[in-house]
Amino acid sequence: MPTTANQTGAAGADDPQQDLTDGFHLMIDALKLNGLTTIYGVPGIPITDFGRMAQAAGIRVLSFRHEQSAGYAASIAGFLTRKPGVCLTVSAPGFLNGLTALAHATTNCFPMILISGSSEREIVDLQQGDYEEMDQLAIAKPLCKAAFRVLHAQDIGIGLARAIRAAVSGRPGGVYLDLPAKLFGQVMNAKAGRKSLVKVVDAAPAQLPAPEAVKRALDVLKAAKKPLIILGKGAAYAQADDAIRALVETSGAPFLPMSMAKGLLPDTHPQCAGAARSLVLKEADVVMLVGARLNWLLSHGKGKTWGDTPKQFIQIDIEPREMDSNVGIVAPVVGDIGSCAAALVAGMGGHWPAAPADWVKTVASKRDDNVAKMAPRLMNNNAPMDYHGALGVLRSIVKERPDAILVNEGANTLDLARGVIDMHRPRKRIDVGTWGVMGIGMGYAIAAAVETGKPVLAVEGDSAFGFSGMEVETICRYRLPVCIVIFNNDGIYRGTDVNPAGGDAATTVFVKGARYDRMMEAFGGVGVHVTTPDELKRAVNAAMDSGQPTLINAVIDPAAGSESGRIGNLNPQSVLKKK
Ligand code: ADP
Ligand code: TPW
Ligand code: MG
């Protein structure tokens, strides 16, 4: 039911205003009409009343402590639901705080709409110093997939429709929607207003691959002696889980999941080559990329990581321009992953040859060796804990609770958790993404709990947590089933650095022995301090059973980590650096 102005109680039944609506209500009606019923944001001029009215009209409006976290929440809501996640901010500073997340959404191909209130156009454009003056549209443009401004109430419906389509169609991404303060108060006839709204039909249309592209890809794959399938987060996003499984299993090829594609097929699947990553990248002769880019995370498809075996790449992606971005793609398959995977499986028929047995065996035995090597390290009960002791416990808990969503950020905390913790279901692991950005943690945890209703386990480096730590209040306020585990090693990478010049603390270390658990207690959540894997296990299980907001301060040996986790090689080196 539309929320015309009279239904807010502002006007009586026989008031002439009953036939009127305004920008506030049109925007709310447009969101609801398109099933966008959750907003993540921070209130203030000029959107405070908009948030109130949206809440009153049945939209879930979650208020954060910082727009960046609200933005990250919206971005991951987009990934999890395939509907644009909506973030609402005030003008200039709020907008800028949200913009990092919008750029992150675009970079990661997550659909999101950042809606910001903005100041008076006439004054902004003449640079006359309006309240929170900023040309937000111009600033947003290079950082998102599309940016729109709505100046007239009658264009709100079209404006939102354009934003939704831009966010979710083709390669998904971030969209900016600029709503000047004056728009909200603009009045129009309610009936005309209703007519102006647009319910977007088929927002992300299927994009079928060309039959000849499918055949070309199958010819290359069939000739492979050492085929490899790489699943990326685009494959997870596509929600084409059955088709992807059929593709992998019919091909018989080993598969390697990128971080957020873990669990698309279980990491324990016999074809999973996660624990034989170096070997498969070096030795594969045909690599089929499914919703994964050949960016830095895959060493751009060349160099030492990829070894000497000549490679042919097949790439499935919805974005035609992704092809040949780093190396030549011999068989581009452009389309949505569900349609492409289905077409490939259909093309394989019922008589696809098994992947070469010697290759499959080599990969499996390497994987089993590596898993066996790791096993004893994961069972240690050292105090203070090292990463492996702590992660061994979390790995078992995630196995026992495969529905829980794992949020993960940090350096060592990220890289080691990604390697150790097996995922068993699709879209259950969400992390720092393409930029390796710190600060997604609490926003992701909140959105994951809100959008899925499932328990969330956030495994956070102590530094990583600090970027969004104040949102523990948000978690407590909404009583979300979020268990945060902080791997507290007193700093960034390690807590042992010393400033050689004396004086200030070293740049990478924090207060020793900090008690993050007490932050949670300050807001009525449960705080627990643990120093052994056994204690950690008890505390996490209790939190997951109770569903209460919990923060576990897990003390990790400050000397256990390494510089930048697994990517220390990316640090530039000074020739003058002291030995
Ligand atoms: P990862 O970091 O896991 O390797 P990337 O973010 O690099 O994954 O790549 C994701 C890719 O998936 C992008 O190139 C994007 O265009 C593509 N993609 C996203 N959604 C779809 C979809 N529904 N169908 C096909 N490709 C998709
Ligand atoms: C927005 C640079 C990468 S990893 C990291 C920083 C600051 C923190 C690592 O310490 P943490 O993990 O979380 O305690 P651990 O287990 O290794 O001790 N600013 C942004 N993003 C990034 N990536 C950085 C800085 C960085
Ligand atoms: Mg740390």
# chains A, B, ... in the order shown; residues from 1 in each chain; ligands from 1
>>> residues_near_ligand(ligand="ligand 1", cutoff="8 Å", atoms="only C-alpha atoms and all ligand atoms", output="PDB file with all heavy atoms, in the first residue's frame")
ATOM      1  N   THR A 107      34.458  -2.166  -7.399  1.00  0.00           N
ATOM      2  CA  THR A 107      35.666  -2.962  -7.626  1.00  0.00           C
ATOM      3  C   THR A 107      35.393  -4.456  -7.482  1.00  0.00           C
ATOM      4  O   THR A 107      35.977  -5.273  -8.179  1.00  0.00           O
ATOM      5  CB  THR A 107      36.752  -2.514  -6.616  1.00  0.00           C
ATOM      6  OG1 THR A 107      37.078  -1.165  -6.907  1.00  0.00           O
ATOM      7  CG2 THR A 107      37.991  -3.368  -6.709  1.00  0.00           C
ATOM      8  N   ASN A 108      34.501  -4.798  -6.581  1.00  0.00           N
ATOM      9  CA  ASN A 108      34.221  -6.210  -6.324  1.00  0.00           C
ATOM     10  C   ASN A 108      33.039  -6.757  -7.126  1.00  0.00           C
ATOM     11  O   ASN A 108      32.670  -7.911  -6.964  1.00  0.00           O
ATOM     12  CB  ASN A 108      33.955  -6.414  -4.830  1.00  0.00           C
ATOM     13  CG  ASN A 108      35.249  -6.382  -4.033  1.00  0.00           C
ATOM     14  OD1 ASN A 108      35.933  -7.394  -3.920  1.00  0.00           O
ATOM     15  ND2 ASN A 108      35.602  -5.217  -3.518  1.00  0.00           N
ATOM     16  N   CYS A 109      32.438  -5.897  -7.942  1.00  0.00           N
ATOM     17  CA  CYS A 109      31.267  -6.306  -8.744  1.00  0.00           C
ATOM     18  C   CYS A 109      30.086  -6.695  -7.860  1.00  0.00           C
ATOM     19  O   CYS A 109      29.419  -7.710  -8.093  1.00  0.00           O
ATOM     20  CB  CYS A 109      31.606  -7.438  -9.712  1.00  0.00           C
ATOM     21  SG  CYS A 109      33.136  -7.237 -10.600  1.00  0.00           S
ATOM     22  N   PHE A 110      29.846  -5.901  -6.811  1.00  0.00           N
ATOM     23  CA  PHE A 110      28.669  -6.101  -5.961  1.00  0.00           C
ATOM     24  C   PHE A 110      27.658  -5.004  -6.292  1.00  0.00           C
ATOM     25  O   PHE A 110      28.029  -3.829  -6.378  1.00  0.00           O
ATOM     26  CB  PHE A 110      29.010  -5.941  -4.471  1.00  0.00           C
ATOM     27  CG  PHE A 110      30.034  -6.899  -3.929  1.00  0.00           C
ATOM     28  CD1 PHE A 110      30.725  -6.571  -2.762  1.00  0.00           C
ATOM     29  CD2 PHE A 110      30.296  -8.114  -4.536  1.00  0.00           C
ATOM     30  CE1 PHE A 110      31.666  -7.437  -2.221  1.00  0.00           C
ATOM     31  CE2 PHE A 110      31.234  -8.993  -3.998  1.00  0.00           C
ATOM     32  CZ  PHE A 110      31.921  -8.649  -2.839  1.00  0.00           C
ATOM     33  N   GLY A 170      24.290  -6.838 -16.215  1.00  0.00           N
ATOM     34  CA  GLY A 170      25.664  -6.996 -16.689  1.00  0.00           C
ATOM     35  C   GLY A 170      26.586  -7.253 -15.524  1.00  0.00           C
ATOM     36  O   GLY A 170      26.226  -7.970 -14.583  1.00  0.00           O
ATOM     37  N   ARG A 171      27.785  -6.665 -15.556  1.00  0.00           N
ATOM     38  CA  ARG A 171      28.665  -6.789 -14.382  1.00  0.00           C
ATOM     39  C   ARG A 171      28.111  -5.886 -13.287  1.00  0.00           C
ATOM     40  O   ARG A 171      28.009  -4.670 -13.486  1.00  0.00           O
ATOM     41  CB  ARG A 171      30.078  -6.356 -14.742  1.00  0.00           C
ATOM     42  CG  ARG A 171      30.959  -6.225 -13.517  1.00  0.00           C
ATOM     43  CD  ARG A 171      32.356  -5.753 -13.838  1.00  0.00           C
ATOM     44  NE  ARG A 171      33.180  -6.859 -14.290  1.00  0.00           N
ATOM     45  CZ  ARG A 171      34.437  -6.731 -14.721  1.00  0.00           C
ATOM     46  NH1 ARG A 171      34.996  -5.538 -14.783  1.00  0.00           N
ATOM     47  NH2 ARG A 171      35.120  -7.788 -15.083  1.00  0.00           N
ATOM     48  N   PRO A 172      27.759  -6.449 -12.159  1.00  0.00           N
ATOM     49  CA  PRO A 172      27.175  -5.616 -11.099  1.00  0.00           C
ATOM     50  C   PRO A 172      28.183  -4.601 -10.556  1.00  0.00           C
ATOM     51  O   PRO A 172      29.393  -4.762 -10.731  1.00  0.00           O
ATOM     52  CB  PRO A 172      26.807  -6.633 -10.007  1.00  0.00           C
ATOM     53  CG  PRO A 172      26.905  -7.977 -10.645  1.00  0.00           C
ATOM     54  CD  PRO A 172      27.874  -7.862 -11.776  1.00  0.00           C
ATOM     55  N   LEU A 231      37.105 -21.074  -9.717  1.00  0.00           N
ATOM     56  CA  LEU A 231      35.821 -20.449  -9.388  1.00  0.00           C
ATOM     57  C   LEU A 231      36.074 -19.156  -8.622  1.00  0.00           C
ATOM     58  O   LEU A 231      36.802 -19.163  -7.615  1.00  0.00           O
ATOM     59  CB  LEU A 231      34.979 -21.393  -8.522  1.00  0.00           C
ATOM     60  CG  LEU A 231      34.666 -22.778  -9.118  1.00  0.00           C
ATOM     61  CD1 LEU A 231      33.936 -23.642  -8.082  1.00  0.00           C
ATOM     62  CD2 LEU A 231      33.825 -22.639 -10.385  1.00  0.00           C
ATOM     63  N   GLY A 232      35.467 -18.064  -9.082  1.00  0.00           N
ATOM     64  CA  GLY A 232      35.640 -16.786  -8.395  1.00  0.00           C
ATOM     65  C   GLY A 232      34.349 -16.330  -7.744  1.00  0.00           C
ATOM     66  O   GLY A 232      33.312 -17.003  -7.851  1.00  0.00           O
ATOM     67  N   LYS A 233      34.420 -15.163  -7.105  1.00  0.00           N
ATOM     68  CA  LYS A 233      33.231 -14.712  -6.375  1.00  0.00           C
ATOM     69  C   LYS A 233      32.078 -14.333  -7.304  1.00  0.00           C
ATOM     70  O   LYS A 233      30.933 -14.284  -6.881  1.00  0.00           O
ATOM     71  CB  LYS A 233      33.568 -13.600  -5.384  1.00  0.00           C
ATOM     72  CG  LYS A 233      34.181 -12.318  -5.939  1.00  0.00           C
ATOM     73  CD  LYS A 233      34.281 -11.302  -4.831  1.00  0.00           C
ATOM     74  CE  LYS A 233      35.472 -10.398  -4.727  1.00  0.00           C
ATOM     75  NZ  LYS A 233      36.362 -10.106  -5.819  1.00  0.00           N
ATOM     76  N   GLY A 234      32.377 -14.103  -8.598  1.00  0.00           N
ATOM     77  CA  GLY A 234      31.291 -13.910  -9.563  1.00  0.00           C
ATOM     78  C   GLY A 234      30.435 -15.164  -9.660  1.00  0.00           C
ATOM     79  O   GLY A 234      29.208 -15.103  -9.820  1.00  0.00           O
ATOM     80  N   ALA A 235      31.074 -16.318  -9.547  1.00  0.00           N
ATOM     81  CA  ALA A 235      30.336 -17.590  -9.589  1.00  0.00           C
ATOM     82  C   ALA A 235      29.486 -17.746  -8.333  1.00  0.00           C
ATOM     83  O   ALA A 235      28.368 -18.265  -8.385  1.00  0.00           O
ATOM     84  CB  ALA A 235      31.309 -18.750  -9.731  1.00  0.00           C
ATOM     85  N   TYR A 237      28.309 -15.202  -6.587  1.00  0.00           N
ATOM     86  CA  TYR A 237      27.269 -14.186  -6.713  1.00  0.00           C
ATOM     87  C   TYR A 237      26.119 -14.671  -7.603  1.00  0.00           C
ATOM     88  O   TYR A 237      24.949 -14.391  -7.340  1.00  0.00           O
ATOM     89  CB  TYR A 237      27.862 -12.897  -7.290  1.00  0.00           C
ATOM     90  CG  TYR A 237      26.808 -11.881  -7.652  1.00  0.00           C
ATOM     91  CD1 TYR A 237      26.214 -11.101  -6.656  1.00  0.00           C
ATOM     92  CD2 TYR A 237      26.375 -11.716  -8.963  1.00  0.00           C
ATOM     93  CE1 TYR A 237      25.211 -10.188  -6.972  1.00  0.00           C
ATOM     94  CE2 TYR A 237      25.377 -10.807  -9.286  1.00  0.00           C
ATOM     95  CZ  TYR A 237      24.801 -10.045  -8.284  1.00  0.00           C
ATOM     96  OH  TYR A 237      23.819  -9.156  -8.596  1.00  0.00           O
ATOM     97  N   ALA A 238      26.472 -15.409  -8.652  1.00  0.00           N
ATOM     98  CA  ALA A 238      25.482 -15.775  -9.676  1.00  0.00           C
ATOM     99  C   ALA A 238      24.353 -16.664  -9.134  1.00  0.00           C
ATOM    100  O   ALA A 238      23.293 -16.764  -9.754  1.00  0.00           O
ATOM    101  CB  ALA A 238      26.186 -16.481 -10.835  1.00  0.00           C
ATOM    102  N   GLN A 239      24.572 -17.295  -8.002  1.00  0.00           N
ATOM    103  CA  GLN A 239      23.569 -18.206  -7.426  1.00  0.00           C
ATOM    104  C   GLN A 239      23.117 -19.240  -8.449  1.00  0.00           C
ATOM    105  O   GLN A 239      21.922 -19.510  -8.599  1.00  0.00           O
ATOM    106  CB  GLN A 239      22.376 -17.430  -6.855  1.00  0.00           C
ATOM    107  CG  GLN A 239      22.780 -16.539  -5.692  1.00  0.00           C
ATOM    108  CD  GLN A 239      21.609 -16.056  -4.861  1.00  0.00           C
ATOM    109  OE1 GLN A 239      20.524 -16.618  -4.903  1.00  0.00           O
ATOM    110  NE2 GLN A 239      21.831 -15.007  -4.069  1.00  0.00           N
ATOM    111  N   PRO A 257      38.907 -22.846  -5.665  1.00  0.00           N
ATOM    112  CA  PRO A 257      38.015 -21.732  -5.360  1.00  0.00           C
ATOM    113  C   PRO A 257      38.809 -20.507  -4.918  1.00  0.00           C
ATOM    114  O   PRO A 257      39.712 -20.618  -4.096  1.00  0.00           O
ATOM    115  CB  PRO A 257      37.176 -22.269  -4.196  1.00  0.00           C
ATOM    116  CG  PRO A 257      38.040 -23.300  -3.529  1.00  0.00           C
ATOM    117  CD  PRO A 257      39.071 -23.766  -4.521  1.00  0.00           C
ATOM    118  N   MET A 258      38.466 -19.346  -5.452  1.00  0.00           N
ATOM    119  CA  MET A 258      38.994 -18.102  -4.900  1.00  0.00           C
ATOM    120  C   MET A 258      38.313 -17.917  -3.538  1.00  0.00           C
ATOM    121  O   MET A 258      37.325 -18.588  -3.217  1.00  0.00           O
ATOM    122  CB  MET A 258      38.692 -16.930  -5.829  1.00  0.00           C
ATOM    123  CG  MET A 258      39.310 -17.076  -7.222  1.00  0.00           C
ATOM    124  SD  MET A 258      41.102 -17.206  -7.198  1.00  0.00           S
ATOM    125  CE  MET A 258      41.563 -15.512  -6.834  1.00  0.00           C
ATOM    126  N   SER A 259      38.832 -16.960  -2.790  1.00  0.00           N
ATOM    127  CA  SER A 259      38.426 -16.845  -1.388  1.00  0.00           C
ATOM    128  C   SER A 259      36.909 -16.893  -1.156  1.00  0.00           C
ATOM    129  O   SER A 259      36.403 -17.700  -0.380  1.00  0.00           O
ATOM    130  CB  SER A 259      39.001 -15.532  -0.860  1.00  0.00           C
ATOM    131  OG  SER A 259      38.851 -15.478   0.505  1.00  0.00           O
ATOM    132  N   MET A 260      36.175 -16.022  -1.835  1.00  0.00           N
ATOM    133  CA  MET A 260      34.734 -15.946  -1.570  1.00  0.00           C
ATOM    134  C   MET A 260      33.935 -16.963  -2.387  1.00  0.00           C
ATOM    135  O   MET A 260      32.711 -17.008  -2.298  1.00  0.00           O
ATOM    136  CB  MET A 260      34.212 -14.524  -1.778  1.00  0.00           C
ATOM    137  CG  MET A 260      34.531 -13.650  -0.573  1.00  0.00           C
ATOM    138  SD  MET A 260      34.098 -11.900  -0.745  1.00  0.00           S
ATOM    139  CE  MET A 260      32.364 -11.965  -1.133  1.00  0.00           C
ATOM    140  N   ALA A 261      34.640 -17.774  -3.181  1.00  0.00           N
ATOM    141  CA  ALA A 261      33.962 -18.860  -3.892  1.00  0.00           C
ATOM    142  C   ALA A 261      34.104 -20.169  -3.121  1.00  0.00           C
ATOM    143  O   ALA A 261      33.560 -21.200  -3.527  1.00  0.00           O
ATOM    144  CB  ALA A 261      34.532 -19.005  -5.294  1.00  0.00           C
ATOM    145  N   VAL A 290      35.889 -19.116 -14.049  1.00  0.00           N
ATOM    146  CA  VAL A 290      34.436 -18.952 -13.940  1.00  0.00           C
ATOM    147  C   VAL A 290      34.148 -17.836 -12.938  1.00  0.00           C
ATOM    148  O   VAL A 290      34.260 -18.021 -11.728  1.00  0.00           O
ATOM    149  CB  VAL A 290      33.760 -20.268 -13.470  1.00  0.00           C
ATOM    150  CG1 VAL A 290      32.236 -20.120 -13.479  1.00  0.00           C
ATOM    151  CG2 VAL A 290      34.198 -21.455 -14.312  1.00  0.00           C
ATOM    152  N   GLY A 291      33.856 -16.640 -13.435  1.00  0.00           N
ATOM    153  CA  GLY A 291      33.583 -15.505 -12.546  1.00  0.00           C
ATOM    154  C   GLY A 291      34.776 -15.143 -11.685  1.00  0.00           C
ATOM    155  O   GLY A 291      34.630 -14.829 -10.510  1.00  0.00           O
ATOM    156  N   ALA A 292      35.961 -15.206 -12.263  1.00  0.00           N
ATOM    157  CA  ALA A 292      37.193 -14.819 -11.557  1.00  0.00           C
ATOM    158  C   ALA A 292      38.063 -14.040 -12.527  1.00  0.00           C
ATOM    159  O   ALA A 292      38.224 -14.467 -13.682  1.00  0.00           O
ATOM    160  CB  ALA A 292      37.942 -16.045 -11.060  1.00  0.00           C
ATOM    161  N   ARG A 293      38.589 -12.906 -12.082  1.00  0.00           N
ATOM    162  CA  ARG A 293      39.451 -12.110 -12.960  1.00  0.00           C
ATOM    163  C   ARG A 293      40.910 -12.510 -12.780  1.00  0.00           C
ATOM    164  O   ARG A 293      41.318 -12.896 -11.684  1.00  0.00           O
ATOM    165  CB  ARG A 293      39.292 -10.619 -12.644  1.00  0.00           C
ATOM    166  CG  ARG A 293      37.971 -10.042 -13.114  1.00  0.00           C
ATOM    167  CD  ARG A 293      37.723  -8.646 -12.578  1.00  0.00           C
ATOM    168  NE  ARG A 293      37.372  -8.678 -11.168  1.00  0.00           N
ATOM    169  CZ  ARG A 293      36.972  -7.622 -10.460  1.00  0.00           C
ATOM    170  NH1 ARG A 293      36.895  -6.438 -11.046  1.00  0.00           N
ATOM    171  NH2 ARG A 293      36.671  -7.738  -9.187  1.00  0.00           N
ATOM    172  N   LEU A 294      41.687 -12.338 -13.848  1.00  0.00           N
ATOM    173  CA  LEU A 294      43.122 -12.625 -13.765  1.00  0.00           C
ATOM    174  C   LEU A 294      43.851 -11.399 -13.227  1.00  0.00           C
ATOM    175  O   LEU A 294      44.766 -10.884 -13.865  1.00  0.00           O
ATOM    176  CB  LEU A 294      43.664 -13.007 -15.142  1.00  0.00           C
ATOM    177  CG  LEU A 294      43.464 -14.468 -15.561  1.00  0.00           C
ATOM    178  CD1 LEU A 294      43.992 -14.685 -16.972  1.00  0.00           C
ATOM    179  CD2 LEU A 294      44.133 -15.432 -14.589  1.00  0.00           C
ATOM    180  N   ASN A 295      43.438 -10.931 -12.043  1.00  0.00           N
ATOM    181  CA  ASN A 295      44.088  -9.755 -11.466  1.00  0.00           C
ATOM    182  C   ASN A 295      45.229 -10.181 -10.542  1.00  0.00           C
ATOM    183  O   ASN A 295      45.702 -11.316 -10.611  1.00  0.00           O
ATOM    184  CB  ASN A 295      43.042  -8.893 -10.745  1.00  0.00           C
ATOM    185  CG  ASN A 295      42.291  -9.694  -9.682  1.00  0.00           C
ATOM    186  OD1 ASN A 295      42.728 -10.774  -9.284  1.00  0.00           O
ATOM    187  ND2 ASN A 295      41.173  -9.181  -9.232  1.00  0.00           N
ATOM    188  N   LEU A 297      45.353 -11.137  -7.651  1.00  0.00           N
ATOM    189  CA  LEU A 297      45.099 -12.311  -6.816  1.00  0.00           C
ATOM    190  C   LEU A 297      45.466 -13.604  -7.536  1.00  0.00           C
ATOM    191  O   LEU A 297      45.652 -14.639  -6.909  1.00  0.00           O
ATOM    192  CB  LEU A 297      43.624 -12.341  -6.392  1.00  0.00           C
ATOM    193  CG  LEU A 297      43.257 -11.278  -5.344  1.00  0.00           C
ATOM    194  CD1 LEU A 297      41.769 -10.993  -5.340  1.00  0.00           C
ATOM    195  CD2 LEU A 297      43.716 -11.746  -3.957  1.00  0.00           C
ATOM    196  N   LEU A 298      45.531 -13.538  -8.862  1.00  0.00           N
ATOM    197  CA  LEU A 298      45.976 -14.699  -9.643  1.00  0.00           C
ATOM    198  C   LEU A 298      47.260 -14.344 -10.401  1.00  0.00           C
ATOM    199  O   LEU A 298      47.510 -14.877 -11.490  1.00  0.00           O
ATOM    200  CB  LEU A 298      44.866 -15.153 -10.596  1.00  0.00           C
ATOM    201  CG  LEU A 298      43.707 -15.914  -9.923  1.00  0.00           C
ATOM    202  CD1 LEU A 298      42.535 -16.109 -10.884  1.00  0.00           C
ATOM    203  CD2 LEU A 298      44.185 -17.276  -9.392  1.00  0.00           C
ATOM    204  N   ILE A 316      34.818 -17.546 -18.483  1.00  0.00           N
ATOM    205  CA  ILE A 316      33.371 -17.296 -18.439  1.00  0.00           C
ATOM    206  C   ILE A 316      33.149 -16.032 -17.633  1.00  0.00           C
ATOM    207  O   ILE A 316      33.524 -15.969 -16.455  1.00  0.00           O
ATOM    208  CB  ILE A 316      32.625 -18.454 -17.756  1.00  0.00           C
ATOM    209  CG1 ILE A 316      32.951 -19.777 -18.445  1.00  0.00           C
ATOM    210  CG2 ILE A 316      31.134 -18.190 -17.736  1.00  0.00           C
ATOM    211  CD1 ILE A 316      32.233 -20.957 -17.819  1.00  0.00           C
ATOM    212  N   ASP A 317      32.576 -15.036 -18.263  1.00  0.00           N
ATOM    213  CA  ASP A 317      32.314 -13.783 -17.552  1.00  0.00           C
ATOM    214  C   ASP A 317      31.219 -13.020 -18.268  1.00  0.00           C
ATOM    215  O   ASP A 317      31.069 -13.126 -19.491  1.00  0.00           O
ATOM    216  CB  ASP A 317      33.591 -12.929 -17.471  1.00  0.00           C
ATOM    217  CG  ASP A 317      33.570 -11.983 -16.277  1.00  0.00           C
ATOM    218  OD1 ASP A 317      32.773 -11.015 -16.286  1.00  0.00           O
ATOM    219  OD2 ASP A 317      34.346 -12.213 -15.324  1.00  0.00           O
ATOM    220  N   ILE A 318      30.510 -12.219 -17.516  1.00  0.00           N
ATOM    221  CA  ILE A 318      29.426 -11.441 -18.093  1.00  0.00           C
ATOM    222  C   ILE A 318      29.945 -10.170 -18.765  1.00  0.00           C
ATOM    223  O   ILE A 318      29.242  -9.543 -19.557  1.00  0.00           O
ATOM    224  CB  ILE A 318      28.380 -11.104 -17.004  1.00  0.00           C
ATOM    225  CG1 ILE A 318      27.011 -10.787 -17.606  1.00  0.00           C
ATOM    226  CG2 ILE A 318      28.870  -9.966 -16.097  1.00  0.00           C
ATOM    227  CD1 ILE A 318      25.863 -11.028 -16.679  1.00  0.00           C
ATOM    228  N   GLU A 319      31.192  -9.820 -18.467  1.00  0.00           N
ATOM    229  CA  GLU A 319      31.758  -8.558 -18.965  1.00  0.00           C
ATOM    230  C   GLU A 319      32.711  -8.849 -20.132  1.00  0.00           C
ATOM    231  O   GLU A 319      33.828  -9.335 -19.925  1.00  0.00           O
ATOM    232  CB  GLU A 319      32.505  -7.864 -17.809  1.00  0.00           C
ATOM    233  CG  GLU A 319      33.277  -6.620 -18.180  1.00  0.00           C
ATOM    234  CD  GLU A 319      32.425  -5.568 -18.843  1.00  0.00           C
ATOM    235  OE1 GLU A 319      31.516  -5.057 -18.189  1.00  0.00           O
ATOM    236  OE2 GLU A 319      32.663  -5.272 -20.035  1.00  0.00           O
ATOM    237  N   GLU A 322      36.412  -7.913 -20.055  1.00  0.00           N
ATOM    238  CA  GLU A 322      37.339  -8.562 -19.134  1.00  0.00           C
ATOM    239  C   GLU A 322      38.315  -9.475 -19.886  1.00  0.00           C
ATOM    240  O   GLU A 322      39.441  -9.705 -19.443  1.00  0.00           O
ATOM    241  CB  GLU A 322      36.556  -9.354 -18.083  1.00  0.00           C
ATOM    242  CG  GLU A 322      37.409  -9.957 -16.979  1.00  0.00           C
ATOM    243  CD  GLU A 322      38.248  -8.931 -16.247  1.00  0.00           C
ATOM    244  OE1 GLU A 322      37.783  -7.801 -16.011  1.00  0.00           O
ATOM    245  OE2 GLU A 322      39.414  -9.268 -15.932  1.00  0.00           O
ATOM    246  N   VAL A 334      31.094 -15.348 -23.069  1.00  0.00           N
ATOM    247  CA  VAL A 334      30.490 -14.175 -22.450  1.00  0.00           C
ATOM    248  C   VAL A 334      29.005 -14.420 -22.213  1.00  0.00           C
ATOM    249  O   VAL A 334      28.265 -14.757 -23.139  1.00  0.00           O
ATOM    250  CB  VAL A 334      30.707 -12.922 -23.326  1.00  0.00           C
ATOM    251  CG1 VAL A 334      29.948 -11.736 -22.750  1.00  0.00           C
ATOM    252  CG2 VAL A 334      32.200 -12.605 -23.428  1.00  0.00           C
ATOM    253  N   GLY A 335      28.616 -14.268 -20.974  1.00  0.00           N
ATOM    254  CA  GLY A 335      27.216 -14.451 -20.607  1.00  0.00           C
ATOM    255  C   GLY A 335      27.119 -14.556 -19.102  1.00  0.00           C
ATOM    256  O   GLY A 335      28.136 -14.482 -18.411  1.00  0.00           O
ATOM    257  N   ASP A 336      25.890 -14.733 -18.607  1.00  0.00           N
ATOM    258  CA  ASP A 336      25.782 -14.924 -17.167  1.00  0.00           C
ATOM    259  C   ASP A 336      26.190 -16.354 -16.834  1.00  0.00           C
ATOM    260  O   ASP A 336      26.041 -17.263 -17.657  1.00  0.00           O
ATOM    261  CB  ASP A 336      24.354 -14.616 -16.688  1.00  0.00           C
ATOM    262  CG  ASP A 336      23.377 -15.684 -17.088  1.00  0.00           C
ATOM    263  OD1 ASP A 336      23.188 -16.640 -16.317  1.00  0.00           O
ATOM    264  OD2 ASP A 336      22.836 -15.574 -18.211  1.00  0.00           O
ATOM    265  N   ILE A 337      26.732 -16.515 -15.656  1.00  0.00           N
ATOM    266  CA  ILE A 337      27.363 -17.789 -15.321  1.00  0.00           C
ATOM    267  C   ILE A 337      26.370 -18.938 -15.319  1.00  0.00           C
ATOM    268  O   ILE A 337      26.683 -20.040 -15.781  1.00  0.00           O
ATOM    269  CB  ILE A 337      28.104 -17.651 -13.974  1.00  0.00           C
ATOM    270  CG1 ILE A 337      29.388 -16.861 -14.228  1.00  0.00           C
ATOM    271  CG2 ILE A 337      28.433 -19.020 -13.368  1.00  0.00           C
ATOM    272  CD1 ILE A 337      30.108 -16.408 -13.000  1.00  0.00           C
ATOM    273  N   GLY A 338      25.153 -18.686 -14.846  1.00  0.00           N
ATOM    274  CA  GLY A 338      24.153 -19.754 -14.850  1.00  0.00           C
ATOM    275  C   GLY A 338      23.909 -20.257 -16.266  1.00  0.00           C
ATOM    276  O   GLY A 338      23.948 -21.463 -16.541  1.00  0.00           O
ATOM    277  N   GLY A 433      37.980  -8.997  -0.042  1.00  0.00           N
ATOM    278  CA  GLY A 433      37.749  -8.804  -1.463  1.00  0.00           C
ATOM    279  C   GLY A 433      38.959  -8.334  -2.249  1.00  0.00           C
ATOM    280  O   GLY A 433      40.113  -8.452  -1.826  1.00  0.00           O
ATOM    281  N   THR A 434      38.664  -7.767  -3.418  1.00  0.00           N
ATOM    282  CA  THR A 434      39.674  -7.471  -4.429  1.00  0.00           C
ATOM    283  C   THR A 434      40.744  -6.496  -3.960  1.00  0.00           C
ATOM    284  O   THR A 434      41.896  -6.585  -4.364  1.00  0.00           O
ATOM    285  CB  THR A 434      38.947  -6.924  -5.680  1.00  0.00           C
ATOM    286  OG1 THR A 434      37.973  -7.888  -6.089  1.00  0.00           O
ATOM    287  CG2 THR A 434      39.906  -6.652  -6.822  1.00  0.00           C
TER     288      THR A 434
END
>>> select_by_dssp(residues="region 272-374 of chain A", states="strand (DSSP E or B)", output="list in words")
Cys272, Val286, Val287, Met288, Leu289, Val290, Gln312, Phe313, Ile314, Gln315, Ile316, Asp317, Ala331, Pro332, Val333 and Val334 of chain A
>>> select_by_dssp(residues="region 300-485 of chain A", states="helix (DSSP H, G or I)", output="PyMOL selection string")
chain A and resi 300-301+304-306+320-322+337-348+357-378+387-400+412-420+433-435+441-452+462-466+469-477
>>> residues_near_ligand(ligand="ligand 2", cutoff="10 Å", atoms="only C-alpha atoms and all ligand atoms", output="ChimeraX atom specification")
/A:100,387,408-417,432,435-440,459-467,486-495,508-510,556,558-567
